[in-house]
file query03.pdb (PDB, C-alpha atoms)
MODEL        1
ATOM      1  CA  MET A   1       0.000   0.000   0.000
ATOM      2  CA  LYS A   2       1.289   3.449  -0.919
ATOM      3  CA  ILE A   3       0.556   6.193   1.586
ATOM      4  CA  ASN A   4       1.104   9.915   1.656
ATOM      5  CA  ILE A   5       2.814  11.272   4.752
ATOM      6  CA  LEU A   6       2.871  14.801   6.163
ATOM      7  CA  ALA A   7       6.022  16.080   7.825
ATOM      8  CA  PHE A   8       6.728  19.045  10.085
ATOM      9  CA  GLY A   9       9.666  20.863  11.625
ATOM     10  CA  ILE A  10      12.995  19.204  11.030
ATOM     11  CA  ALA A  11      11.217  16.163   9.553
ATOM     12  CA  ARG A  12       9.840  18.437   6.832
ATOM     13  CA  GLU A  13      13.372  19.551   6.021
ATOM     14  CA  ILE A  14      14.475  15.913   5.828
ATOM     15  CA  VAL A  15      11.654  14.379   3.774
ATOM     16  CA  GLY A  16       9.816  17.376   2.280
ATOM     17  CA  SER A  17       6.451  18.761   3.408
ATOM     18  CA  SER A  18       4.890  15.526   2.266
ATOM     19  CA  CYS A  19       6.251  12.316   0.836
ATOM     20  CA  THR A  20       4.865   9.078  -0.484
ATOM     21  CA  THR A  21       6.149   5.773   0.728
ATOM     22  CA  GLU A  22       5.368   2.155  -0.031
ATOM     23  CA  LEU A  23       4.433   0.396   3.208
ATOM     24  CA  THR A  24       6.116  -2.987   3.629
ATOM     25  CA  GLY A  25       3.938  -3.783   6.655
ATOM     26  CA  LEU A  26       0.634  -2.676   8.091
ATOM     27  CA  LEU A  27       1.781  -1.273  11.409
ATOM     28  CA  VAL A  28       3.082   2.059  12.598
ATOM     29  CA  GLN A  29       6.336   0.397  13.660
ATOM     30  CA  ASP A  30       6.776  -0.917  10.081
ATOM     31  CA  LEU A  31       6.331   2.585   8.724
ATOM     32  CA  LYS A  32       8.873   3.954  11.200
ATOM     33  CA  ARG A  33      11.372   1.309  10.126
ATOM     34  CA  ASP A  34      10.771   2.027   6.426
ATOM     35  CA  LEU A  35      11.081   5.787   6.919
ATOM     36  CA  GLY A  36      14.272   5.344   8.920
ATOM     37  CA  ALA A  37      15.754   3.273   6.111
ATOM     38  CA  GLN A  38      14.612   5.724   3.433
ATOM     39  CA  TYR A  39      15.683   8.835   5.374
ATOM     40  CA  PRO A  40      18.583   7.953   7.725
ATOM     41  CA  ARG A  41      18.638  11.491   9.159
ATOM     42  CA  LEU A  42      15.315  10.734  10.882
ATOM     43  CA  LYS A  43      17.139   8.167  13.003
ATOM     44  CA  GLN A  44      19.558  10.820  14.243
ATOM     45  CA  LEU A  45      16.715  12.763  15.900
ATOM     46  CA  SER A  46      16.127  12.481  19.661
ATOM     47  CA  SER A  47      12.941  10.661  18.681
ATOM     48  CA  PHE A  48      10.226  10.754  16.091
ATOM     49  CA  MET A  49       6.622   9.791  16.504
ATOM     50  CA  ILE A  50       3.931   8.921  13.998
ATOM     51  CA  ALA A  51       0.491  10.471  14.216
ATOM     52  CA  VAL A  52      -2.506   8.845  12.550
ATOM     53  CA  ASN A  53      -5.547  11.032  11.957
ATOM     54  CA  GLY A  54      -4.204  13.702  14.292
ATOM     55  CA  VAL A  55      -3.477  11.417  17.252
ATOM     56  CA  TYR A  56      -0.147   9.984  18.465
ATOM     57  CA  ALA A  57      -0.052   6.389  17.238
ATOM     58  CA  GLN A  58       1.125   3.289  19.092
ATOM     59  CA  PRO A  59       3.783   1.062  17.418
ATOM     60  CA  GLU A  60       1.312  -1.831  17.006
ATOM     61  CA  GLN A  61      -1.405   0.348  15.493
ATOM     62  CA  VAL A  62      -2.593  -0.600  11.986
ATOM     63  CA  ILE A  63      -2.433   2.007   9.225
ATOM     64  CA  ASN A  64      -5.380   1.985   6.859
ATOM     65  CA  ALA A  65      -5.757   3.432   3.371
ATOM     66  CA  GLY A  66      -7.001   7.000   3.608
ATOM     67  CA  ASP A  67      -5.540   7.668   7.065
ATOM     68  CA  GLU A  68      -3.836  11.030   7.556
ATOM     69  CA  VAL A  69      -0.328  10.026   8.588
ATOM     70  CA  ALA A  70       2.288  12.465   9.863
ATOM     71  CA  ILE A  71       5.871  12.379  11.102
ATOM     72  CA  ILE A  72       6.160  14.181  14.445
ATOM     73  CA  PRO A  73       9.749  15.088  15.379
ATOM     74  CA  PRO A  74      10.476  16.252  18.969
ATOM     75  CA  VAL A  75       8.039  19.078  19.708
ATOM     76  CA  SER A  76       9.294  22.448  20.940
ATOM     77  CA  GLY A  77       6.366  24.813  21.333
ATOM     78  CA  GLY A  78       5.982  27.392  24.055
TER      79      GLY A  78
ATOM     80  CA  MET B   1     -12.950  34.686  21.007
ATOM     81  CA  SER B   2     -12.103  31.005  20.725
ATOM     82  CA  ASP B   3     -10.410  29.387  23.730
ATOM     83  CA  LEU B   4      -7.796  27.462  21.762
ATOM     84  CA  ILE B   5      -6.075  29.200  18.880
ATOM     85  CA  ILE B   6      -3.029  28.633  16.707
ATOM     86  CA  THR B   7      -2.429  31.884  14.867
ATOM     87  CA  ASN B   8       0.108  33.669  12.718
ATOM     88  CA  GLU B   9      -1.139  37.016  14.009
ATOM     89  CA  THR B  10      -0.166  38.970  17.147
ATOM     90  CA  ILE B  11      -1.766  37.631  20.340
ATOM     91  CA  ASP B  12      -3.785  40.191  22.298
ATOM     92  CA  VAL B  13      -2.824  39.447  25.922
ATOM     93  CA  GLN B  14      -5.462  41.712  27.459
ATOM     94  CA  GLN B  15      -8.181  40.090  25.396
ATOM     95  CA  CYS B  16      -7.018  36.676  26.658
ATOM     96  CA  ILE B  17      -7.354  37.870  30.252
ATOM     97  CA  ASP B  18     -10.749  39.439  29.611
ATOM     98  CA  THR B  19     -11.954  36.189  28.054
ATOM     99  CA  VAL B  20     -11.281  34.056  31.150
ATOM    100  CA  MET B  21     -12.563  36.589  33.675
ATOM    101  CA  THR B  22     -15.867  35.501  35.192
ATOM    102  CA  PRO B  23     -17.879  36.943  38.089
ATOM    103  CA  GLU B  24     -17.148  33.893  40.240
ATOM    104  CA  SER B  25     -13.378  34.026  39.632
ATOM    105  CA  GLY B  26     -11.120  35.205  42.449
ATOM    106  CA  GLY B  27      -7.872  34.794  40.565
ATOM    107  CA  ILE B  28      -6.499  34.691  37.029
ATOM    108  CA  ASP B  29      -3.102  33.191  36.341
ATOM    109  CA  VAL B  30      -1.405  34.156  33.079
ATOM    110  CA  PHE B  31       1.671  32.652  31.469
ATOM    111  CA  ILE B  32       3.216  34.633  28.619
ATOM    112  CA  GLY B  33       5.985  32.966  26.668
ATOM    113  CA  THR B  34       8.191  35.514  24.922
ATOM    114  CA  VAL B  35      11.135  35.408  22.540
ATOM    115  CA  ARG B  36      14.424  35.929  24.362
ATOM    116  CA  ASP B  37      17.466  37.404  22.698
ATOM    117  CA  THR B  38      20.034  34.749  23.595
ATOM    118  CA  THR B  39      20.263  30.983  23.945
ATOM    119  CA  LYS B  40      23.345  29.483  25.597
ATOM    120  CA  GLY B  41      25.193  32.746  25.081
ATOM    121  CA  LYS B  42      24.373  33.007  21.370
ATOM    122  CA  LYS B  43      22.408  35.933  20.002
ATOM    123  CA  VAL B  44      19.034  34.862  18.607
ATOM    124  CA  VAL B  45      18.060  36.685  15.417
ATOM    125  CA  ARG B  46      14.529  35.253  15.199
ATOM    126  CA  LEU B  47      12.386  32.226  15.947
ATOM    127  CA  GLU B  48      10.332  30.402  13.341
ATOM    128  CA  PHE B  49       7.318  28.486  14.667
ATOM    129  CA  GLU B  50       5.277  25.944  12.765
ATOM    130  CA  ALA B  51       2.387  23.765  13.857
ATOM    131  CA  TYR B  52       0.422  20.736  12.729
ATOM    132  CA  GLU B  53      -2.621  22.800  13.429
ATOM    133  CA  SER B  54      -5.462  20.264  13.488
ATOM    134  CA  MET B  55      -3.508  17.904  15.748
ATOM    135  CA  ALA B  56      -2.200  20.770  17.906
ATOM    136  CA  LEU B  57      -5.777  21.851  18.599
ATOM    137  CA  ASN B  58      -6.667  18.245  19.531
ATOM    138  CA  GLU B  59      -3.741  18.066  21.939
ATOM    139  CA  LEU B  60      -4.559  21.456  23.461
ATOM    140  CA  GLN B  61      -8.130  20.282  24.024
ATOM    141  CA  LYS B  62      -6.772  17.218  25.849
ATOM    142  CA  ILE B  63      -4.780  19.504  28.151
ATOM    143  CA  VAL B  64      -7.875  21.563  28.896
ATOM    144  CA  ASP B  65      -9.914  18.416  29.582
ATOM    145  CA  GLU B  66      -7.232  17.074  31.934
ATOM    146  CA  ILE B  67      -7.047  20.371  33.795
ATOM    147  CA  LYS B  68     -10.802  20.502  34.235
ATOM    148  CA  ASN B  69     -10.668  17.013  35.746
ATOM    149  CA  LYS B  70      -7.846  17.895  38.134
ATOM    150  CA  TRP B  71      -8.548  21.451  39.290
ATOM    151  CA  PRO B  72     -11.672  23.519  39.939
ATOM    152  CA  VAL B  73     -10.950  26.113  37.253
ATOM    153  CA  HIS B  74     -13.508  28.307  35.519
ATOM    154  CA  LYS B  75     -12.038  29.132  32.121
ATOM    155  CA  ILE B  76      -8.838  28.366  30.245
ATOM    156  CA  ILE B  77      -7.508  29.864  27.045
ATOM    157  CA  ILE B  78      -4.364  28.921  25.199
ATOM    158  CA  HIS B  79      -3.206  30.946  22.199
ATOM    159  CA  HIS B  80      -0.002  30.019  20.361
ATOM    160  CA  ARG B  81       1.785  31.808  17.555
ATOM    161  CA  THR B  82       3.190  30.437  14.355
ATOM    162  CA  GLY B  83       5.407  32.181  11.856
ATOM    163  CA  VAL B  84       8.464  34.379  12.336
ATOM    164  CA  LEU B  85       8.928  36.044  15.764
ATOM    165  CA  TYR B  86      11.555  38.446  17.049
ATOM    166  CA  THR B  87      12.918  39.371  20.476
ATOM    167  CA  GLY B  88      10.123  40.404  22.833
ATOM    168  CA  ASP B  89       7.331  38.997  20.691
ATOM    169  CA  VAL B  90       4.692  36.920  22.468
ATOM    170  CA  ALA B  91       4.816  33.265  21.394
ATOM    171  CA  VAL B  92       2.187  31.805  23.718
ATOM    172  CA  VAL B  93      -0.407  33.000  26.202
ATOM    173  CA  ILE B  94      -2.153  30.762  28.710
ATOM    174  CA  ALA B  95      -4.769  32.257  31.012
ATOM    175  CA  VAL B  96      -6.669  30.362  33.689
ATOM    176  CA  SER B  97      -9.352  31.627  36.036
ATOM    177  CA  ALA B  98     -10.487  29.980  39.248
ATOM    178  CA  ALA B  99     -12.178  30.877  42.511
ATOM    179  CA  HIS B 100      -8.863  30.611  44.362
ATOM    180  CA  ARG B 101      -5.249  31.118  43.358
ATOM    181  CA  ASP B 102      -3.852  27.636  44.013
ATOM    182  CA  ALA B 103      -5.942  26.028  41.283
ATOM    183  CA  ALA B 104      -5.164  28.825  38.829
ATOM    184  CA  PHE B 105      -1.391  28.675  39.435
ATOM    185  CA  GLU B 106      -1.183  24.897  39.310
ATOM    186  CA  ALA B 107      -3.378  24.540  36.232
ATOM    187  CA  CYS B 108      -1.456  27.223  34.351
ATOM    188  CA  ARG B 109       1.870  25.568  35.175
ATOM    189  CA  TYR B 110       0.487  22.201  34.090
ATOM    190  CA  ALA B 111      -0.754  23.678  30.816
ATOM    191  CA  ILE B 112       2.569  25.163  29.693
ATOM    192  CA  ASP B 113       4.623  22.173  30.896
ATOM    193  CA  THR B 114       2.366  19.718  29.071
ATOM    194  CA  LEU B 115       2.122  21.888  25.956
ATOM    195  CA  LYS B 116       5.898  21.780  25.655
ATOM    196  CA  GLN B 117       5.857  17.972  25.831
ATOM    197  CA  THR B 118       2.879  16.979  23.697
ATOM    198  CA  VAL B 119       1.551  19.667  21.370
ATOM    199  CA  PRO B 120       2.871  19.387  17.798
ATOM    200  CA  ILE B 121       4.416  22.823  17.461
ATOM    201  CA  TRP B 122       8.051  23.338  16.529
ATOM    202  CA  LYS B 123      10.451  26.233  16.787
ATOM    203  CA  LYS B 124      13.631  26.881  14.915
ATOM    204  CA  GLU B 125      16.142  29.224  16.514
ATOM    205  CA  VAL B 126      17.975  31.309  13.948
ATOM    206  CA  PHE B 127      21.350  32.659  15.072
ATOM    207  CA  GLU B 128      23.725  34.980  13.262
ATOM    208  CA  ASP B 129      25.813  31.986  12.195
ATOM    209  CA  GLY B 130      23.309  29.185  11.809
ATOM    210  CA  GLU B 131      19.999  27.709  12.870
ATOM    211  CA  VAL B 132      18.700  24.820  14.936
ATOM    212  CA  TRP B 133      15.361  23.089  15.456
ATOM    213  CA  VAL B 134      14.959  23.179  19.234
ATOM    214  CA  ALA B 135      15.099  19.740  20.935
ATOM    215  CA  ALA B 136      15.451  17.886  17.626
ATOM    216  CA  HIS B 137      18.769  16.194  18.390
ATOM    217  CA  PRO B 138      20.162  14.543  21.529
TER     218      PRO B 138
ENDMDL
END
call {"tool": "encode", "arguments": {"input": "query03.pdb", "output": "structure tokens"}}
result
Amino acid sequence: MKINILAFGIAREIVGSSCTTELTGLLVQDLKRDLGAQYPRLKQLSSFMIAVNGVYAQPEQVINAGDEVAIIPPVSGG
Amino acid sequence: MSDLIITNETIDVQQCIDTVMTPESGGIDVFIGTVRDTTKGKKVVRLEFEAYESMALNELQKIVDEIKNKWPVHKIIIHHRTGVLYTGDVAVVIAVSAAHRDAAFEACRYAIDTLKQTVPIWKKEVFEDGEVWVAAHP
């Protein structure tokens, strides 16, 4: 399944404001692994989270076609 | 005025205070986050804020819900800037009203501390000789 992914902050500078990736698995942890392989600079961050439909996603969560998926690098508001 | 706002326009601090003031409130606690001119001894030229707005509003709402479960507060507003900010500009305003000061102080502190940990907003510090996304790297 191909999915479109939003990216913000430093993740946007690494992957672009959005990118498309071919999922090799169904889970959030699979996507994180694929993104890390595709964009090694993501792995150098303190952490990066995945949000699905505007909510922080758990590693075992399933990604479905049509979900809004985003890369969330360490936040720094305030 | 909406209670939770992500905006690229100047935040009106007085309007935030007026919004949370209620007849039953005995105290209003206000946190104002501003742009400081140095970080670790380096002169800051500007800050650039960006937000994942729809998710940021969700996360802010969670903070408000948690506060209302924990403390007897009356009203809470949180306004956060995006875009380019310079020294002295207001980046965030949190205002909380309650009957008594303890709840207002504690809830306000909880709101800014949690915002910094969970709300998808990012700031880049731009120095004279480079730039860095705050907290991005170990």
call {"tool": "resolve_selection", "arguments": {"input": "query03.pdb", "expression": "the PyMOL selection byres ((chain B) within 6 of (chain A))", "output": "VMD selection string"}}
result
chain B and resid 55 92 116 120 to 123 134 136 to 138
call {"tool": "closest_residue", "arguments": {"input": "query03.pdb", "among": "B:Leu47, B:Val93, B:Val20, B:Val73", "to": "B:Trp133", "atoms": "only C-alpha atoms"}}
result
B:Leu47
call {"tool": "residues_around", "arguments": {"input": "query03.pdb", "residues": "B:His79", "least_positions_apart": "4", "cutoff": "10 Å", "atoms": "all atoms listed in the file", "output": "number ranges by chain"}}
result
B: 2-7, 10-13, 16, 32, 60, 90-95
call {"tool": "write_last_selection", "arguments": {"input": "query03.pdb", "atoms": "C-alpha atoms", "output": "PDB file, in the coordinates of the input"}}
result
ATOM      1  CA  SER B   2     -12.103  31.005  20.725  1.00  0.00           C
ATOM      2  CA  ASP B   3     -10.410  29.387  23.730  1.00  0.00           C
ATOM      3  CA  LEU B   4      -7.796  27.462  21.762  1.00  0.00           C
ATOM      4  CA  ILE B   5      -6.075  29.200  18.880  1.00  0.00           C
ATOM      5  CA  ILE B   6      -3.029  28.633  16.707  1.00  0.00           C
ATOM      6  CA  THR B   7      -2.429  31.884  14.867  1.00  0.00           C
ATOM      7  CA  THR B  10      -0.166  38.970  17.147  1.00  0.00           C
ATOM      8  CA  ILE B  11      -1.766  37.631  20.340  1.00  0.00           C
ATOM      9  CA  ASP B  12      -3.785  40.191  22.298  1.00  0.00           C
ATOM     10  CA  VAL B  13      -2.824  39.447  25.922  1.00  0.00           C
ATOM     11  CA  CYS B  16      -7.018  36.676  26.658  1.00  0.00           C
ATOM     12  CA  ILE B  32       3.216  34.633  28.619  1.00  0.00           C
ATOM     13  CA  LEU B  60      -4.559  21.456  23.461  1.00  0.00           C
ATOM     14  CA  VAL B  90       4.692  36.920  22.468  1.00  0.00           C
ATOM     15  CA  ALA B  91       4.816  33.265  21.394  1.00  0.00           C
ATOM     16  CA  VAL B  92       2.187  31.805  23.718  1.00  0.00           C
ATOM     17  CA  VAL B  93      -0.407  33.000  26.202  1.00  0.00           C
ATOM     18  CA  ILE B  94      -2.153  30.762  28.710  1.00  0.00           C
ATOM     19  CA  ALA B  95      -4.769  32.257  31.012  1.00  0.00           C
TER      20      ALA B  95
END
call {"tool": "closest_residue", "arguments": {"input": "query03.pdb", "among": "A:Met1, A:Ile50, A:Ala57, A:Ile63", "to": "A:Thr24", "atoms": "all atoms listed in the file"}}
result
A:Met1
call {"tool": "closest_residue", "arguments": {"input": "query03.pdb", "among": "B:Phe127, B:Glu59, B:Gly26, B:Ala135", "to": "B:Gly41", "atoms": "only C-alpha atoms"}}
result
B:Phe127
call {"tool": "closest_residue", "arguments": {"input": "query03.pdb", "among": "B:Cys108, B:Val44, B:Tyr86, B:Thr118", "to": "A:Met49", "atoms": "all atoms listed in the file"}}
result
B:Thr118
call {"tool": "resolve_selection", "arguments": {"input": "query03.pdb", "expression": "the PyMOL selection byres ((chain B and resi 68) around 12)", "output": "PyMOL selection string"}}
result
chain B and resi 61-67+69-76+96-98+103-104+106-108+110-111
call {"tool": "residues_around", "arguments": {"input": "query03.pdb", "residues": "A:Asn64", "least_positions_apart": "4", "cutoff": "10 Å", "atoms": "only C-alpha atoms", "output": "list in words"}}
result
Met1, Ile3, Leu26, Leu27, Val52, Glu68 and Val69 of chain A
call {"tool": "closest_residue", "arguments": {"input": "query03.pdb", "among": "B:Leu57, B:Ile28, B:Val126, B:Ile17", "to": "B:Ala99", "atoms": "only C-alpha atoms"}}
result
B:Ile28
call {"tool": "resolve_selection", "arguments": {"input": "query03.pdb", "expression": "the PyMOL selection byres ((chain B and resi 48) around 7)", "output": "PyMOL selection string"}}
result
chain B and resi 46-47+49-50+83-85+123-125
call {"tool": "atom_distance", "arguments": {"input": "query03.pdb", "atom1": "atom CA of B:Asp113", "atom2": "atom CA of B:Asn58"}}
result
16.5 Å
call {"tool": "atom_distance", "arguments": {"input": "query03.pdb", "atom1": "atom CA of B:Gly130", "atom2": "atom CA of A:Gly16"}}
result
20.3 Å
call {"tool": "closest_residue", "arguments": {"input": "query03.pdb", "among": "B:Thr87, B:Ser25, B:Thr114, B:Thr39", "to": "B:Glu131", "atoms": "all atoms listed in the file"}}
result
B:Thr39
call {"tool": "atom_distance", "arguments": {"input": "query03.pdb", "atom1": "atom CA of A:Ile71", "atom2": "atom CA of B:Asn8"}}
result
22.1 Å
